[in-house]
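Data first, discussion second: the structure below is written as structure tokens.
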Amino acid sequence: MTAVTLDAGAPFGAAPPSARPAIVTRGLTKRFRGGQVAVDALDLSVPRGSVYGFLGPNGSGKTTTIRMLLGLVAPTSGEHELLGLPLGEALPRVGALVEGPAFYPYLSGEANLRRFDAADPTAPPATARRRVAEALDRVGLAAAAGKRYRTYSLGMRQRLAIAAALLGPRELLILDEPTNGLDPQGTREVRSLVKEIAAGGTTVFVSSHLLAEVEQMCTHAAVMRAGRLVAQGSMASLGGGQVPRVRVRTPDTADALRVLRSLGLADVRADGPEPGDGVSAELGGHAPERVNAALVGEGVAVRGFAVERPSLEDVFVRLTGEGFDVDG
Amino acid sequence: MSTAETREARARRTPGLVPVSETLRTTGRPVASDAAGTAAGPAGDAADAAPSADGAPLAGAAPIADGAPTAHAAGAAGVGEVSGAPARRFGSFWRLLGSELGLTFRRPRNLVMLAVLASVPVILGVALRLVTDDMDAEGRGGGMGGLVASVAGNSLMLAFASLSFLVVLLMPVAVSVVAGDAIAGEAGGGTLRYLLAAPAGRTRLLTVKYLNAVVFSFATAAVVAGSALVTGLALFPVGPVTLLSGTTVSVADGLLRVLISVGYVGAGMAALAAVALALSTFTEVPIGAIAGTVVLVIVAQVLRAVPQLEPISPYLLPTWLTRFDGALRAPVDFGAMRDGLLAFGAYILLFGSVAWARFTGKDITS
């Protein structure tokens with residue numbers, strides 16, 4: 001899974017901008033003063049229309065990558081492209097949330113959004129009021145629009161940052177840890193908001209260290225570790241190494257193995273040496289209820305029956321080989 | 001698909017452009033779906049060109065959902081910007097400057113500073129009035145000092161007195177706070193990354209920040225002079241002004257000279273603002289840039305006070321800040337002020353370049 005090759009022809013080739021991936025990086029590297037390599041030869045390719053999960057432990061280079069994508073940090077080497085356009089042209093079409101919210105505490109939420117709208121040279125001032133109101137409404141902050149940012153709770157601040165990313169028509173959203181600081185309800189709202197935005201055709205690039213979150217939102221994912229990309233691809237292809245398995249808890253190990261083999265399941269094996277340890281097999285295209293019926297029909301005492309799908313966490317652990325520790 | 005074909009397709013889409021400014025929802029409108037139809041070709045190619053590892057989920061959804069916005073966006077980039085861009089870019093520059101000025105002149109901290117600056121001429125005027133009253137009462141009118149005598153003699157002189165008193169330290173402090181905070185404050189608060197991602201543009205943002213500081217510089221001078229004029233009119237006699245050179249000029253002429261002084265002091269403060277702005281690009285701690293500038297001003301004052309260092313004094317900004325006294329001579333001594341303005345220009349050029357070089361090449365990690 002470590003060798004995920006890119007379509008090398010597409011990134012900076014002659015294809016029209018709209019035909020190129022939403023984000024392409026090639027050999028993107030950032031070495032900070034002092035020699036620390038934050039991002040090491042990163043080759044990303046984010047397809048248009050995808051919800052792309054950018055995973056990695058804290059300190060794995062996710063934020064530095066995002067900063068380079070947005071032109072805040074200059075890469076030491078390598079190149080990158082957003083929406084197939086020069087950065088200055090691309091940025092107005094990109095909404096971004098970078099490393100948490102940051103606003104003027106003495107301004108209201110609405111005034112803050114108008115401030116950032118004014119910074120975008122392509123934003124039409126005539127529609128500013130409407131767009132700000134819509135963005136606030138979308139994240140559920142309409143009622144708090146006139147309150148000073150200083151008085152906002154952490155969740156409200158996070159929402160305001162998302163609203164700022166939605167000020168204009170965006171073709172790409174780059175969200176760095178968008179659910180940070182949100183309560184479970186807020187987290188769910190962000191997830192559904194992301195899905196809604198993606199349904200409108202906007203590509204969403206979302207960094208996170210929360211695997212479950214990425215699993216629920218994303219169509220694609222990339223995994224970073226210590227500044228390096230260890231995997232990227234569609235969720236299906238990332239989980240490709242591990243297929244759903246059926247697990248049967250039964251004392252009749254031998255019979256169960258025989259039945260499962262006769263049904264044509266692959267990789268049929270006993271889960272342990274003891275009779276009660278049960279058996280498991282790759283489910284393949286079989287309907288689990290049929291498998292269960294066949295087992296019971298053959299007189300196997302089925303005490304437990306489960307279909308287990310590999311979670312992204314399994315994949316992640318397999319790729320990184322360890323927990324989410326900060327990598328020096 | 002060949003590039004020629006692509007270009008043709010783009011050209012065909014152009015008449016039906018949906019402005020990039022429209023919200024995402026409008027992509028469902030007839031015009032937009034028309035654009036989507038013509039865009040099906042290139043967008044379809046996109047799906048073909050997409051990495052095969054990405055699999056099915058995208059291939060179906062992307063062309064239609066994605067084609068419309070990018071298609072008209074491409075058209076806008078090609079055609080719309082040729083005609084509309086300069087005017088729009090110009091307008092957007094003023095909009096950002098307006099936003100910046102709004103922030104500066106609504107911020108309580110800055111208003112307090114302006115209020116303090118405005119209060120000094122009042123205090124000065126009242127104090128001088130009390131002093132002259134005492135002297136009159138004691139019948140020692142003949143022994144008054146030059147400044148006290150001239151202010152007591154004419155309402156307009158309080159403006160010159162206030163400017164020359166405040167330009168030494170208090171006005172530089174106020175200008176340093178605004179200009180020193182300009183970049184460092186945004187960096188420290190984290191708003192800089194969002195401004196630049198908006199994208200405000202580094203040169204554009206720096207220019208706006210500096211122009212904002214310049215406006216504030218002139219505002220400080222205007223506030224001091226304005227407050228002094230009002231106080232002077234209330235407390236001292238109005239009438240022909242006796243200048244430093246002994247000539248007497250009309251009130252209108254005197255007001256013109258106050259205006260010249262305000263312009264000169266404003267320009268001097270603008271030069272100081274360039275220094276503060278340059279320092280501001282080197283730190284994420286606004287107080288560092290502010291204190292740094294104020295320390296530079298004080299150090300320069302100290303250096304000026306050392307007779308042995310006389311040769312370097314023309315290179316120090318404070319040397320030139322008080323040279324508006326040329327406006328108090330008849331005829332107006334423009335020579336001294338011209339040299340001062342040249343010095344200000346040199347400071348603005350030098351420190352503006354430093355600020356620009358630093359800010360445009362800086363990694364924004366705050």
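Identifiers for the structure tokens are assigned positionally: chains receive A, B, ... in sequence, residues are indexed from 1 per chain, and ligands are indexed from 1 in the order shown.
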
Q: Find the residues around A:Gln232 up to 8 Å (only C-alpha atoms counted), leave out those fewer than 4 positions away in its own chain, and share them as a PyMOL selection string.
A: chain A and resi 4+44+220-223+238

Need to verify the contact set: B:Val275, 8 Å, only C-alpha atoms, exclusion of same-chain residues closer than 5 positions in sequence. Can you return it as a compact mmCIF listing (two decimals) with C-alpha atoms, in the first residue's frame?
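around-v1.txt, freshly written:
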```
# COMPACT_ATOMS: atom_id res chain seq x y z
CA THR B 293 10.01 51.73 17.14
CA TYR B 347 12.97 56.71 5.23
CA ILE B 348 9.73 55.62 3.57
CA PHE B 351 11.96 50.90 5.31
CA GLY B 352 9.13 50.31 2.86
```

Q) atom CA of B:Phe165 to atom CA of B:Thr322: how many Å, to one decimal? A)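 Separation of atom CA of B:Phe165 and atom CA of B:Thr322: 9.0 Å.
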
Using 7 Å as the limit and counting only C-alpha atoms, can you tabulate each residue of chain A that touches chain B, with its shortest atom-to-atom distance in Å and the two atoms involved, as CSV?
```
residue,atom,partner,partner_atom,distance
A:Leu6,CA,B:Pro51,CA,6.2
A:Asp7,CA,B:Pro51,CA,5.2
A:Ala10,CA,B:Ala49,CA,6.6
A:Ser18,CA,B:Thr70,CA,5.3
A:Ala19,CA,B:Ala46,CA,4.1
A:Arg20,CA,B:Ala46,CA,6.1
A:Pro47,CA,B:Ala50,CA,6.6
A:Arg48,CA,B:Ala62,CA,6.3
A:Gly49,CA,B:Ala62,CA,5.3
A:Ser50,CA,B:Leu58,CA,6.6
A:Leu70,CA,B:Ala197,CA,6.0
A:Leu72,CA,B:Ile364,CA,5.1
A:Val73,CA,B:Asp363,CA,4.4
A:Ala74,CA,B:Asp363,CA,6.3
A:Leu91,CA,B:Pro199,CA,6.0
A:Pro92,CA,B:Ala198,CA,6.2
A:Ala102,CA,B:Gly190,CA,5.1
A:Phe103,CA,B:Thr191,CA,5.7
A:Arg115,CA,B:Ser99,CA,6.2
A:Phe116,CA,B:Leu195,CA,6.1
A:Ala118,CA,B:Leu96,CA,5.1
A:Ala119,CA,B:Ala200,CA,4.6
A:Asp120,CA,B:Ala198,CA,5.0
A:Pro121,CA,B:Ser92,CA,5.1
A:Ala123,CA,B:Ser21,CA,6.5
A:Pro124,CA,B:Ser21,CA,6.4
A:Gly168,CA,B:Thr23,CA,6.4
A:Pro169,CA,B:Thr23,CA,4.7
A:Gly200,CA,B:Ala65,CA,6.4
A:Gly201,CA,B:Ala65,CA,4.4
A:Gly233,CA,B:Asp54,CA,5.5
A:Ser234,CA,B:Asp54,CA,4.8
A:Ser237,CA,B:Ala53,CA,6.8
```

(Q) When you look at A:Asp267 with a cut-off of 9 Å (counting only C-alpha atoms), what residues show up, excluding the ones that are within fewer than 3 positions of it in the same chain? I need them as a ChimeraX atom specification. (A) /A:261,280-282

Q: Would you mind reading off the distance between atom CA of B:Ala221 and atom CA of B:Ala127, one decimal, in Å?
A: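 Computing it gives 21.1 Å between the two atoms.
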
Q.
Measuring between only C-alpha atoms, which one of B:Ala179, B:Leu156, B:Val241, B:Leu272 shows the shortest distance to B:Asn110?
A.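 Closest to B:Asn110 of all the choices is B:Ala179.
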
(Q) as number ranges by chain, please: the residues near stretch 302-315 of chain A (cut-off 8 Å, only C-alpha atoms, same-chain neighbours under 3 positions excluded). (A) A: 211-212, 215, 238-239, 242-250, 283, 288, 292, 295-296, 318-319

Q: Please identify all polymer residues within 9 Å of B:Gly288, counting only C-alpha atoms, omitting same-chain residues fewer than 6 positions from it, and present them as a ChimeraX atom specification.
A: /B:180,184,279-280

Selected residues written out with N, CA, C and O atoms, as a PDB file, in the first residue's frame:
```pdb
ATOM      1  N   GLY B 180       3.061  49.517  13.993  1.00  0.00           N
ATOM      2  CA  GLY B 180       3.777  48.354  14.499  1.00  0.00           C
ATOM      3  C   GLY B 180       2.869  47.157  14.645  1.00  0.00           C
ATOM      4  O   GLY B 180       3.286  45.997  14.553  1.00  0.00           O
ATOM      5  N   ALA B 184       2.312  42.476  12.552  1.00  0.00           N
ATOM      6  CA  ALA B 184       2.547  41.620  13.720  1.00  0.00           C
ATOM      7  C   ALA B 184       1.244  41.307  14.455  1.00  0.00           C
ATOM      8  O   ALA B 184       1.056  40.187  14.935  1.00  0.00           O
ATOM      9  N   LEU B 279       9.516  46.890  11.058  1.00  0.00           N
ATOM     10  CA  LEU B 279       9.735  46.070  12.257  1.00  0.00           C
ATOM     11  C   LEU B 279       8.590  45.074  12.430  1.00  0.00           C
ATOM     12  O   LEU B 279       8.784  43.946  12.858  1.00  0.00           O
ATOM     13  N   SER B 280       7.396  45.523  12.074  1.00  0.00           N
ATOM     14  CA  SER B 280       6.208  44.699  12.256  1.00  0.00           C
ATOM     15  C   SER B 280       6.255  43.411  11.430  1.00  0.00           C
ATOM     16  O   SER B 280       5.643  42.410  11.784  1.00  0.00           O
TER      17      SER B 280
END
```

Q. Atom CA of A:Leu113 and atom CA of A:Val94 are how many Å apart?
A.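 Separation of atom CA of A:Leu113 and atom CA of A:Val94: 15.4 Å.
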
Q: Check stretch 207-322 of chain B with DSSP on the backbone and list each residue it calls strand (DSSP E or B), as a PyMOL selection string.
A: chain B and resi 241-242+248-249

(Q) Excluding B:Leu229 and its own-chain neighbours fewer than 2 positions away, which residues fall within 12 Å of it when counting only C-alpha atoms? Please give them as number ranges by chain. (A) B: 118, 121-122, 124-125, 151, 154-163, 222-227, 231-238, 251, 254-255, 258-259, 262

(Q) Could you list, as a VMD selection string, every residue within 9 Å of A:Arg129, counting only C-alpha atoms and ignoring same-chain residues fewer than 5 positions away? (A) chain A and resid 110 114 134

Q.
as number ranges by chain, please: every residue in stretch 304-336 of chain B that a backbone DSSP assignment puts in alpha helix (DSSP H).
A. B: 304-305, 317-321, 334-336
